[in-house]
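Take a look at the structure set out below.
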Amino acid sequence: MDLIRMTDVQKTYKTGTVALYDVDLTISKGEFVFIIGASGSGKSTLIKMLYREEKPDKGSIMIGGINVAKLKDRKVYILRRKIGVVFQDFKLLPRMTVYENVAFAMEVFSYDKKKIHNRVMEVLELVGLKGKVRQYPNQLSGGEQQRVVIARAIVNNPKLLICDEPTGNLDPDTSMGIMKVLEDINKMGTTIVMTTHNRDIVNKMKKRVVVLNEGKIVQDYERGKYYEVL
Amino acid sequence: MKFFRSINRYFRDALRSVIRNFSLSLASISCITITLVVVALSIVLSVNVDAMTKHVSSNISIVAFLKEEFNATNDKESFETELRKLDNINEIKFKSKKEYAEETKEIDDRFSLIVDSWTDESIPLLDSYEITVKDIELIDDTASKIKGMNFVYTINYGEDYIDSVIKIFDVIEKVCIGGVIALILVTAFLISNTIKLAIFSRKTEIEIMRLVGASNISIKIPFLIEGSFIGILGSIIPIVLMAYGYNTFFNYFGNNLFPASFGSLVSPYPFIFYGAGILLIIGLLVGMFGSSTAVKKYLKI
């Protein structure tokens, strides 16, 4: 079953730069998809459209039954509640502990304290940070911070996890650790869409690879490798 | 249950961020405080000026002196009926020349001697009517109508003096109200900028709230509550200043600040309660408005 269906999507920025051109992309439930391409190829724009940070000028984007292209600003939260987002630059709140940062995403739903506590501890265990709940982000390494972000992204059981270069700031070993966590999450049924520049990761994971060049999808491999495409 | 948990969280978050961003909160609070002090002064001034205008106005009367041929017993009734036909007449009071003579007698012994030498027929004074008007602004018009009436010899009212006093009071009041409105607008603008600064430092927080699926309204409410906290905190000093300041001022000067004809200062109770209420509400609204416009900017995509 399709989770994401992008049809004829086009996006031009106000400056006149064409970021995406005629993009058609279908992603099924439970897939793990890499989106790769050189800088400026449009992969960030594509991924931003998935969580409706950007709107397409043309075309439609259906995610789990929601027409994202036509979603009004004040309704965006409905989409966001169904997806989790992980960034290269983490976006953690520095004045909150690891626990509070993750719980923050659940408090939005006004769950009771006990439910929040149980779920937060569960996901922190999943990402391997159960021992660091009381620490602040600046006391953690880059890899640990990224694990907190992943925990926050999945705490509400999203159907889709969007990762924008999650290993961009991390060393190779730490990156592989993060990929292991993402693979575990994927195995539990969450669809993952991830952009990356990291050749080793793509090669080792052997997942679907979508290649963007100058705003167009130029390749789509079922079990891709990096050398095949660049 | 869920509703109360949300409300609880909104208040907790708002209070927490006032404390966490204390230096910026302080900037917004002082901004409101300074304005509200000036607003408080304007309120005190305009309320007192208004009271004085009313006092002076209610004591202004036209005195119409009647010609010698006016006969109190025969002509009084018809004259009064005719007088009452004029629109702007409030009260009329007849004062005979005999009453004037009695009054004059009481001034001192010399006057008393002179007045005693008069007989009822030879009193060299005139009968008169003291007339108060409903609308003081139309007093000139009413006065000239009375002057044109039968039997009226001359009229007397403090035309120039009254006119200028009322005009001055009017100007003071308008300036006060205009000043208050302008100040409130400027403060709302300043506060929205200060709060914008405060919120800018929390851009990431708002971004993350949006990312994890907080609806715009649930992001906005804590900021609105925060704005009203700031507004309330900012109005404390002006309220205390006004309550104590005005009370002290009143007790010290009381009725002696102005000539008696201007009346006395407005009594501090219940005036300062109303004043405090007005200041609190202005602070609250300005704070809420400021933060609501500031946060709006970050809720767009």
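Residues in the structure tokens are named by chain (A, B, ... in the order shown) and by number from 1 within that chain; ligands are numbered from 1 in the order shown.
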Review point. Counting only C-alpha atoms, which residues from chain A have an atom at most 6 Å from any atom of chain B, and could you show them as a PyMOL selection string?
Key: chain A and resi 77+80-81+105+108+110
Write a file of the selected residues as a compact mmCIF listing (two decimals), in the first residue's frame, keeping all heavy atoms.
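Final output, saved to result_14.txt:
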# COMPACT_ATOMS: atom_id res chain seq x y z
N TYR A 77 -0.52 20.78 11.60
CA TYR A 77 -0.24 19.91 12.74
C TYR A 77 -0.85 18.51 12.59
O TYR A 77 -0.33 17.54 13.14
CB TYR A 77 -0.73 20.57 14.04
CG TYR A 77 -2.22 20.61 14.24
CD1 TYR A 77 -2.84 19.59 14.97
CD2 TYR A 77 -2.99 21.63 13.72
CE1 TYR A 77 -4.21 19.61 15.16
CE2 TYR A 77 -4.36 21.66 13.91
CZ TYR A 77 -4.96 20.64 14.64
OH TYR A 77 -6.31 20.66 14.81
N ARG A 80 1.75 16.64 10.85
CA ARG A 80 2.96 16.51 11.67
C ARG A 80 2.79 15.47 12.78
O ARG A 80 3.76 14.89 13.24
CB ARG A 80 3.32 17.86 12.29
CG ARG A 80 3.59 18.96 11.28
CD ARG A 80 5.06 19.07 10.97
NE ARG A 80 5.34 19.95 9.86
CZ ARG A 80 5.67 21.24 9.99
NH1 ARG A 80 5.73 21.78 11.19
NH2 ARG A 80 5.93 21.97 8.92
N ARG A 81 1.56 15.27 13.19
CA ARG A 81 1.34 14.28 14.24
C ARG A 81 1.51 12.85 13.75
O ARG A 81 1.62 11.93 14.53
CB ARG A 81 -0.06 14.45 14.84
CG ARG A 81 -0.13 15.68 15.71
CD ARG A 81 -1.47 15.90 16.31
NE ARG A 81 -1.44 17.12 17.11
CZ ARG A 81 -2.40 17.51 17.91
NH1 ARG A 81 -3.50 16.79 18.02
NH2 ARG A 81 -2.30 18.62 18.60
N ALA A 105 7.49 16.26 23.01
CA ALA A 105 6.70 15.88 21.83
C ALA A 105 5.40 15.19 22.20
O ALA A 105 4.45 15.19 21.44
CB ALA A 105 7.54 14.97 20.93
N VAL A 108 2.41 17.74 23.88
CA VAL A 108 1.54 18.40 22.91
C VAL A 108 0.16 17.73 22.86
O VAL A 108 -0.85 18.36 22.63
CB VAL A 108 2.23 18.34 21.53
CG1 VAL A 108 1.27 18.68 20.42
CG2 VAL A 108 3.44 19.25 21.50
N SER A 110 -1.26 16.26 25.40
CA SER A 110 -1.86 16.26 26.74
C SER A 110 -2.14 14.85 27.27
O SER A 110 -3.18 14.61 27.86
CB SER A 110 -3.15 17.09 26.76
OG SER A 110 -2.87 18.40 26.39
**Study point:** Near-segment 238-254 of chain B list (12 Å; only C-alpha atoms; drop same-chain fewer than 2 positions) as a VMD selection string
**Key:** chain B and resid 29 to 45 48 231 to 236 256 to 260 263 to 283
Review point. Counting only C-alpha atoms, which of A:Leu46, A:Val33, A:Val133, A:Leu3 gets nearest to Glu214 of chain A?
Key: A:Leu46
**Study point:** Contacts of Ala294 of chain B within 12 Å, only C-alpha atoms, excl. fewer than 6 positions in-chain, as a PyMOL selection string
**Key:** chain B and resi 188-200+202-203+220+223-224+227+287-288+300
Review point. Which residues, written as a count of residues only, have at least one atom at most 9 Å from segment 12-19 of chain A, with only C-alpha atoms counted and residues fewer than 5 positions away on the same chain left out?
Key: 11
Practice item. Using DSSP on the backbone coordinates, identify the residues of segment 80-140 of chain B assigned to strand (DSSP E); present them as a ChimeraX atom specification. Key: /B:89-95,128-133
Write out the residues from the selection above, keeping N, CA and C atoms, as a PDB file, in the first residue's frame.
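Written file, out.pdb:
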ATOM      1  N   ILE B  89     -33.479  76.284  30.178  1.00  0.00           N
ATOM      2  CA  ILE B  89     -33.612  76.731  31.564  1.00  0.00           C
ATOM      3  C   ILE B  89     -33.703  75.542  32.518  1.00  0.00           C
ATOM      4  N   ASN B  90     -32.904  75.587  33.553  1.00  0.00           N
ATOM      5  CA  ASN B  90     -32.929  74.512  34.539  1.00  0.00           C
ATOM      6  C   ASN B  90     -33.775  74.938  35.755  1.00  0.00           C
ATOM      7  N   GLU B  91     -33.260  75.888  36.535  1.00  0.00           N
ATOM      8  CA  GLU B  91     -34.004  76.358  37.711  1.00  0.00           C
ATOM      9  C   GLU B  91     -34.100  77.871  37.673  1.00  0.00           C
ATOM     10  N   ILE B  92     -35.186  78.364  38.247  1.00  0.00           N
ATOM     11  CA  ILE B  92     -35.246  79.822  38.382  1.00  0.00           C
ATOM     12  C   ILE B  92     -35.599  80.164  39.824  1.00  0.00           C
ATOM     13  N   LYS B  93     -34.979  81.265  40.276  1.00  0.00           N
ATOM     14  CA  LYS B  93     -35.201  81.656  41.668  1.00  0.00           C
ATOM     15  C   LYS B  93     -35.406  83.170  41.724  1.00  0.00           C
ATOM     16  N   PHE B  94     -36.506  83.561  42.287  1.00  0.00           N
ATOM     17  CA  PHE B  94     -36.796  85.003  42.367  1.00  0.00           C
ATOM     18  C   PHE B  94     -36.161  85.593  43.617  1.00  0.00           C
ATOM     19  N   LYS B  95     -35.587  86.756  43.469  1.00  0.00           N
ATOM     20  CA  LYS B  95     -35.002  87.433  44.629  1.00  0.00           C
ATOM     21  C   LYS B  95     -35.480  88.881  44.575  1.00  0.00           C
ATOM     22  N   SER B 128     -34.735  90.598  41.036  1.00  0.00           N
ATOM     23  CA  SER B 128     -33.942  89.827  40.071  1.00  0.00           C
ATOM     24  C   SER B 128     -34.361  88.357  40.066  1.00  0.00           C
ATOM     25  N   TYR B 129     -33.943  87.671  38.986  1.00  0.00           N
ATOM     26  CA  TYR B 129     -34.083  86.218  38.911  1.00  0.00           C
ATOM     27  C   TYR B 129     -32.702  85.602  38.792  1.00  0.00           C
ATOM     28  N   GLU B 130     -32.481  84.541  39.550  1.00  0.00           N
ATOM     29  CA  GLU B 130     -31.248  83.795  39.375  1.00  0.00           C
ATOM     30  C   GLU B 130     -31.624  82.540  38.580  1.00  0.00           C
ATOM     31  N   ILE B 131     -30.998  82.387  37.426  1.00  0.00           N
ATOM     32  CA  ILE B 131     -31.395  81.307  36.516  1.00  0.00           C
ATOM     33  C   ILE B 131     -30.206  80.386  36.257  1.00  0.00           C
ATOM     34  N   THR B 132     -30.415  79.100  36.480  1.00  0.00           N
ATOM     35  CA  THR B 132     -29.350  78.164  36.090  1.00  0.00           C
ATOM     36  C   THR B 132     -29.768  77.468  34.794  1.00  0.00           C
ATOM     37  N   VAL B 133     -28.749  77.099  33.994  1.00  0.00           N
ATOM     38  CA  VAL B 133     -29.045  76.510  32.685  1.00  0.00           C
ATOM     39  C   VAL B 133     -28.710  75.016  32.681  1.00  0.00           C
TER      40      VAL B 133
END
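Going from atom CA of Lys145 of chain B over to atom CA of Asp50 of chain B, you cover 28.4 Å.
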Point to revise | Closest of A:Val86, A:Ile61, A:Met6, A:Ile192 to Lys159 of chain A - atom-to-atom distances counting only C-alpha atoms | key: A:Ile192
**Study point:** segment 114-146 of chain A: residues DSSP assigns to alpha helix (DSSP H), reported as a count of residues only
**Key:** 18
Practice item. Do a neighbour search on Glu82 of chain B at 12 Å with only C-alpha atoms, toss out local chain neighbours closer than 5 positions, and write the hits as number ranges by chain. Key: B: 75-77, 87, 89, 92, 145-146, 148-151
Study note, to complete from the structure: Pairwise distance, atom CA of Gln88 of chain A with atom CA of Lys115 of chain A, equals 29.1 Å
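We find atom CA of Asn138 of chain A and atom CA of Pro94 of chain A to be spaced 7.0 Å apart.
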